[in-house]
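Novice: I'd like to ask some things about the structure below.
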Amino acid sequence: MTRTGVALLCAVQLLVCHRTAMAQPVAVRHAEGVVHGFLLLRALDGTILAEGELNQTSAGDRVTSRVTFHFKDGSLHDETAVYSQRQRFRLVRSHLVQKGPSFPTPMDFVVDVARSTATARYQDDGKEKVASERLKTQPDLANGLVMTMVKNLDPKVRETVVSMVVATPKPRLVKVVISAEAEDTFTVGGNTHRATRYVLKPELGGIAGIVAPIIGKQPPDALIWILRGDVPAFLKAENTFYVGGPVWRIELTSPAWAPLE
C-alpha cells in the first residue's frame with residue numbers, strides 16, 4: 001500500500017476520535033444600524049481588483065446588509081444578508097451572486113432559513129444547473145454575517161464556532177471556528193492603534209474533514225482585523241470568495257476629492 005493509502009486508511013480509522021465543533025449563536029453586544037461604507041478588494045500583492053460598497057439599513061430588530069464588488073474585468077460579487085438582532089444574531093435569508101471572468105463558476109446562491117433550504121444555480125459547460133438541499137435549522141448561520149459577528153464576539157471567550165452553508169457548487173454545511181490570534185498595530189494620521197486579528201478555521205467534518213488536508217483540499221483559514229473597544233469597527237479581511245479560489249484582501253477606503261474650483 002502506498003503512503004497516501006496508509007494515511008487515508010489511518011484517517012478513516014481515526015474518524016471516531018475527530019472533534020466535532022459545537023456551534024452557537026453570537027450574542028448582540030453592539031446593535032447594527034444604518035451604514036454606508038466604501039471598500040477596496042486587493043490581491044495579496046496589493047493589486048486593486050475591485051471597488052466595493054457596504055449598504056446597510058435597519059427596521060426594528062431586522063437588518064439588511066448588502067456588499068457589492070465591481071471588478072475591473074467586469075465581474076460582480078453581490079451578497080445580501082437579512083438578519084434579526086434580538087439578543088442574538090439570526091440569519092433570515094442570504095443571497096449571493098457571482099459572475100464574470102474572476103469567478104470560474106457563475107453562481108446564484110440563496111439560503112432561506114424559513115424554508116430550511118439552500119439553492120445554488122450555476123453554470124457548468126455553458127448549461128445552467130440547480131442544486132438544492134434541505135437544511136436542518138441552524139440558529140448560528142453566518143452567511144453574510146461574519147464581519148458583524150466577529151465585531152460582537154466576547155473577548156473573554158477563547159473560541160466561537162458558527163455554521164455556514166457553502167456552494168461547492170452543491171450546498172454544504174460547514175463549521176467555522178473563530179478565535180483571536182494576535183494584536184497588530186496600525187497608524188492613522190500618525191497615531192498608533194491596535195487591532196485584534198481573528199483567524200477563522202473551516203471544519204469540514206466527517207471523513208471529508210480528515211481526508212481533505214491529506215489530499216490538499218483543506219480550505220485556507222480566513223483573517224479578520226477588528227478595532228476593539230466601546231465602538232468596535234471592521235478594518236480589513238483576507239479570505240477566499242469561492243471554493244478553491246485565491247485569498248483576496250478587503251480593505252476600507254475613503255473618497256478622493258476633486259480640487260475646489
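Naming works like this for the C-alpha cells: A, B, ... for the chains as they're shown, residue 1 at the start of each chain, ligands 1 onward in shown order.
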Can I get the residues of range 117-164 of chain A within 12 Å of range 239-258 of chain A, each with the closest pair of atoms and their distance in Å to one decimal, using only C-alpha atoms, sorted chain first then ascending number, as CSV?
Specialist:
```
residue,atom,partner,partner_atom,distance
A:Gly144,CA,A:Phe241,CA,11.7
A:Val146,CA,A:Asn239,CA,11.4
A:Met147,CA,A:Ile250,CA,11.1
```
Novice: Restricting the output to C-alpha atoms, write the selected residues as a PDB file, in the first residue's frame.
Specialist:
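File written: again_8.pdb
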```pdb
ATOM      1  CA  GLY A 144     -23.249  37.330   5.000  1.00  0.00           C
ATOM      2  CA  VAL A 146     -19.272  37.013   9.515  1.00  0.00           C
ATOM      3  CA  MET A 147     -17.839  40.524   9.890  1.00  0.00           C
TER       4      MET A 147
END
```
Novice: For Leu91 in chain A, find every residue with an atom within 12 Å (counting only C-alpha atoms), except residues of its own chain fewer than 6 positions away, and show them as a CSV table (one decimal) with C-alpha atoms, in the first residue's frame.
Specialist:
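Produced file out27.csv, reproduced below:
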```
chain,number,residue,atom,x,y,z
A,25,PRO,CA,-25.4,31.8,18.0
A,26,VAL,CA,-23.5,35.1,18.6
A,61,ASP,CA,-34.8,44.4,15.1
A,62,ARG,CA,-34.3,43.4,11.4
A,63,VAL,CA,-31.2,44.4,9.4
A,64,THR,CA,-30.5,44.2,5.7
A,65,SER,CA,-26.8,44.3,4.7
A,80,THR,CA,-27.2,40.5,0.6
A,81,ALA,CA,-28.0,39.2,4.1
A,82,VAL,CA,-31.2,39.8,6.0
A,83,TYR,CA,-31.0,39.0,9.7
A,84,SER,CA,-32.6,39.8,13.1
A,85,GLN,CA,-30.7,41.1,16.1
A,111,VAL,CA,-30.0,30.4,1.8
A,112,ASP,CA,-33.6,30.6,3.1
A,113,VAL,CA,-33.8,29.9,6.8
A,114,ALA,CA,-37.6,30.0,7.0
A,116,SER,CA,-34.8,25.4,5.5
A,137,THR,CA,-32.4,24.6,11.2
A,138,GLN,CA,-29.1,26.2,12.3
A,139,PRO,CA,-29.6,29.2,14.7
A,140,ASP,CA,-25.9,30.2,14.2
A,141,LEU,CA,-25.8,30.5,10.4
A,142,ALA,CA,-23.2,33.2,9.5
A,143,ASN,CA,-23.7,33.6,5.7
A,144,GLY,CA,-23.2,37.3,5.0
A,145,LEU,CA,-22.8,38.0,8.7
A,146,VAL,CA,-19.3,37.0,9.5
A,148,THR,CA,-20.8,41.6,12.1
A,149,MET,CA,-20.5,38.5,14.3
A,162,VAL,CA,-20.6,29.3,13.8
A,163,SER,CA,-22.1,27.5,10.8
A,164,MET,CA,-22.0,28.4,7.1
A,165,VAL,CA,-23.6,27.0,4.0
```
Novice: Measuring atom to atom with only C-alpha atoms, identify which of A:Arg194, A:Pro101, A:Leu96, A:Pro202 is nearest to Ala233 in chain A.
Specialist: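 Of the candidates, the smallest distance to Ala233 in chain A is held by A:Arg194.
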Novice: Could you give me, as an NGL selection string, each residue of range 27-214 of chain A that DSSP assigns to helix (DSSP H, G or I) when run on this structure's backbone?
Specialist: :A and (146-151 or 206-214)
Novice: Any idea what's packed within 12 Å of Asp73 in chain A, counting only C-alpha atoms, ignoring anything in its chain fewer than 5 positions away? Could you give it as a tab-separated table (two decimals) with C-alpha atoms, in the first residue's frame?
Specialist:
```
chain	number	residue	atom	x	y	z
A	48	ILE	CA	-6.60	46.51	-6.82
A	49	LEU	CA	-9.13	44.02	-8.20
A	50	ALA	CA	-12.45	45.69	-7.46
A	51	GLU	CA	-14.19	48.64	-5.86
A	99	LYS	CA	-20.45	36.26	-12.25
A	100	GLY	CA	-17.76	37.30	-14.69
A	101	PRO	CA	-14.18	36.27	-15.54
A	102	SER	CA	-12.99	36.39	-11.91
A	103	PHE	CA	-15.37	33.56	-11.00
```
Novice: Please, which residues of range 29-199 of chain A, numbered as in this document, come out strand (DSSP E or B) from DSSP, as an MDAnalysis selection string?
Specialist: chainID A and resid 35:43 48:59 62:71 76:86 88:99 107:112 117:124 127:134 141 160:167 171:188 191:199
Novice: Using C-alpha atoms, can you write the selected residues to a file as an mmCIF file, in the first residue's frame?
Specialist:
```cif
data_model
loop_
_atom_site.group_PDB
_atom_site.id
_atom_site.type_symbol
_atom_site.label_atom_id
_atom_site.label_comp_id
_atom_site.auth_asym_id
_atom_site.auth_seq_id
_atom_site.Cartn_x
_atom_site.Cartn_y
_atom_site.Cartn_z
ATOM 1 C CA VAL A 35 -24.218 52.169 7.363
ATOM 2 C CA HIS A 36 -22.813 53.227 4.001
ATOM 3 C CA GLY A 37 -19.134 52.479 3.515
ATOM 4 C CA PHE A 38 -16.643 52.153 0.689
ATOM 5 C CA LEU A 39 -14.354 49.162 0.203
ATOM 6 C CA LEU A 40 -11.446 48.023 -1.936
ATOM 7 C CA LEU A 41 -10.661 44.449 -2.921
ATOM 8 C CA ARG A 42 -6.998 43.645 -3.499
ATOM 9 C CA ALA A 43 -4.838 40.660 -4.350
ATOM 10 C CA ILE A 48 -6.599 46.509 -6.824
ATOM 11 C CA LEU A 49 -9.135 44.023 -8.204
ATOM 12 C CA ALA A 50 -12.455 45.687 -7.457
ATOM 13 C CA GLU A 51 -14.192 48.639 -5.855
ATOM 14 C CA GLY A 52 -16.987 47.927 -3.415
ATOM 15 C CA GLU A 53 -19.659 49.313 -1.149
ATOM 16 C CA LEU A 54 -21.419 48.271 2.028
ATOM 17 C CA ASN A 55 -25.040 49.429 2.320
ATOM 18 C CA GLN A 56 -26.950 48.569 5.469
ATOM 19 C CA THR A 57 -30.408 49.522 6.729
ATOM 20 C CA SER A 58 -32.390 48.527 9.805
ATOM 21 C CA ALA A 59 -36.070 48.441 10.729
ATOM 22 C CA ARG A 62 -34.266 43.398 11.386
ATOM 23 C CA VAL A 63 -31.185 44.431 9.393
ATOM 24 C CA THR A 64 -30.476 44.208 5.662
ATOM 25 C CA SER A 65 -26.796 44.294 4.726
ATOM 26 C CA ARG A 66 -25.534 44.326 1.139
ATOM 27 C CA VAL A 67 -21.904 44.141 -0.005
ATOM 28 C CA THR A 68 -21.082 44.622 -3.683
ATOM 29 C CA PHE A 69 -17.764 44.489 -5.543
ATOM 30 C CA HIS A 70 -17.457 45.646 -9.146
ATOM 31 C CA PHE A 71 -14.283 44.174 -10.638
ATOM 32 C CA LEU A 76 -19.583 41.145 -9.981
ATOM 33 C CA HIS A 77 -19.795 39.909 -6.394
ATOM 34 C CA ASP A 78 -23.116 40.866 -4.788
ATOM 35 C CA GLU A 79 -24.124 39.487 -1.380
ATOM 36 C CA THR A 80 -27.198 40.469 0.625
ATOM 37 C CA ALA A 81 -27.979 39.185 4.108
ATOM 38 C CA VAL A 82 -31.187 39.800 6.048
ATOM 39 C CA TYR A 83 -30.967 39.023 9.746
ATOM 40 C CA SER A 84 -32.574 39.788 13.108
ATOM 41 C CA GLN A 85 -30.683 41.115 16.123
ATOM 42 C CA ARG A 86 -32.921 40.415 19.074
ATOM 43 C CA ARG A 88 -28.675 37.083 19.261
ATOM 44 C CA PHE A 89 -27.918 37.400 15.561
ATOM 45 C CA ARG A 90 -30.179 35.155 13.485
ATOM 46 C CA LEU A 91 -29.918 34.869 9.728
ATOM 47 C CA VAL A 92 -33.241 35.139 7.866
ATOM 48 C CA ARG A 93 -32.064 34.945 4.266
ATOM 49 C CA SER A 94 -28.878 35.389 2.271
ATOM 50 C CA HIS A 95 -28.467 35.833 -1.473
ATOM 51 C CA LEU A 96 -25.095 35.665 -3.232
ATOM 52 C CA VAL A 97 -24.498 36.440 -6.910
ATOM 53 C CA GLN A 98 -21.089 35.942 -8.538
ATOM 54 C CA LYS A 99 -20.449 36.264 -12.248
ATOM 55 C CA MET A 107 -23.297 31.377 -9.124
ATOM 56 C CA ASP A 108 -26.691 32.485 -7.794
ATOM 57 C CA PHE A 109 -26.914 31.090 -4.262
ATOM 58 C CA VAL A 110 -29.819 31.542 -1.839
ATOM 59 C CA VAL A 111 -30.049 30.362 1.774
ATOM 60 C CA ASP A 112 -33.642 30.638 3.053
ATOM 61 C CA THR A 117 -33.413 25.362 2.013
ATOM 62 C CA ALA A 118 -30.209 26.292 0.227
ATOM 63 C CA THR A 119 -30.334 26.553 -3.573
ATOM 64 C CA ALA A 120 -27.402 27.087 -5.929
ATOM 65 C CA ARG A 121 -27.941 27.951 -9.594
ATOM 66 C CA TYR A 122 -24.692 27.727 -11.501
ATOM 67 C CA GLN A 123 -23.179 27.327 -14.952
ATOM 68 C CA ASP A 124 -21.421 24.112 -15.939
ATOM 69 C CA LYS A 127 -25.510 24.853 -19.100
ATOM 70 C CA GLU A 128 -27.473 26.106 -16.115
ATOM 71 C CA LYS A 129 -27.778 23.613 -13.277
ATOM 72 C CA VAL A 130 -29.620 23.722 -9.983
ATOM 73 C CA ALA A 131 -28.563 22.065 -6.724
ATOM 74 C CA SER A 132 -30.936 22.372 -3.780
ATOM 75 C CA GLU A 133 -30.620 20.955 -0.275
ATOM 76 C CA ARG A 134 -32.910 20.814 2.724
ATOM 77 C CA LEU A 141 -25.771 30.509 10.420
ATOM 78 C CA THR A 160 -16.512 30.702 18.968
ATOM 79 C CA VAL A 161 -17.997 28.304 16.440
ATOM 80 C CA VAL A 162 -20.574 29.265 13.800
ATOM 81 C CA SER A 163 -22.109 27.486 10.811
ATOM 82 C CA MET A 164 -22.031 28.443 7.143
ATOM 83 C CA VAL A 165 -23.605 26.988 4.029
ATOM 84 C CA VAL A 166 -21.147 26.967 1.127
ATOM 85 C CA ALA A 167 -21.755 26.149 -2.523
ATOM 86 C CA PRO A 171 -24.806 23.380 -0.913
ATOM 87 C CA ARG A 172 -22.929 22.036 2.093
ATOM 88 C CA LEU A 173 -22.981 22.939 5.768
ATOM 89 C CA VAL A 174 -19.602 23.556 7.420
ATOM 90 C CA LYS A 175 -18.444 24.788 10.817
ATOM 91 C CA VAL A 176 -16.116 27.760 11.210
ATOM 92 C CA VAL A 177 -14.015 28.127 14.370
ATOM 93 C CA ILE A 178 -13.234 31.765 15.222
ATOM 94 C CA SER A 179 -10.512 32.738 17.667
ATOM 95 C CA ALA A 180 -8.344 35.767 18.448
ATOM 96 C CA GLU A 181 -4.859 35.107 17.083
ATOM 97 C CA ALA A 182 -2.826 38.231 17.871
ATOM 98 C CA GLU A 183 -2.767 42.020 18.309
ATOM 99 C CA ASP A 184 -1.466 44.074 15.364
ATOM 100 C CA THR A 185 -0.670 47.792 15.207
ATOM 101 C CA PHE A 186 -1.704 50.333 12.583
ATOM 102 C CA THR A 187 -1.491 54.102 12.281
ATOM 103 C CA VAL A 188 -3.994 56.821 11.378
ATOM 104 C CA ASN A 191 -1.427 57.967 15.789
ATOM 105 C CA THR A 192 -0.879 54.309 16.602
ATOM 106 C CA HIS A 193 -3.785 51.951 17.286
ATOM 107 C CA ARG A 194 -4.110 48.246 17.990
ATOM 108 C CA ALA A 195 -6.358 45.788 16.212
ATOM 109 C CA THR A 196 -7.288 42.221 17.105
ATOM 110 C CA ARG A 197 -6.534 39.721 14.368
ATOM 111 C CA TYR A 198 -9.048 36.887 14.287
ATOM 112 C CA VAL A 199 -8.467 33.614 12.484
#
```
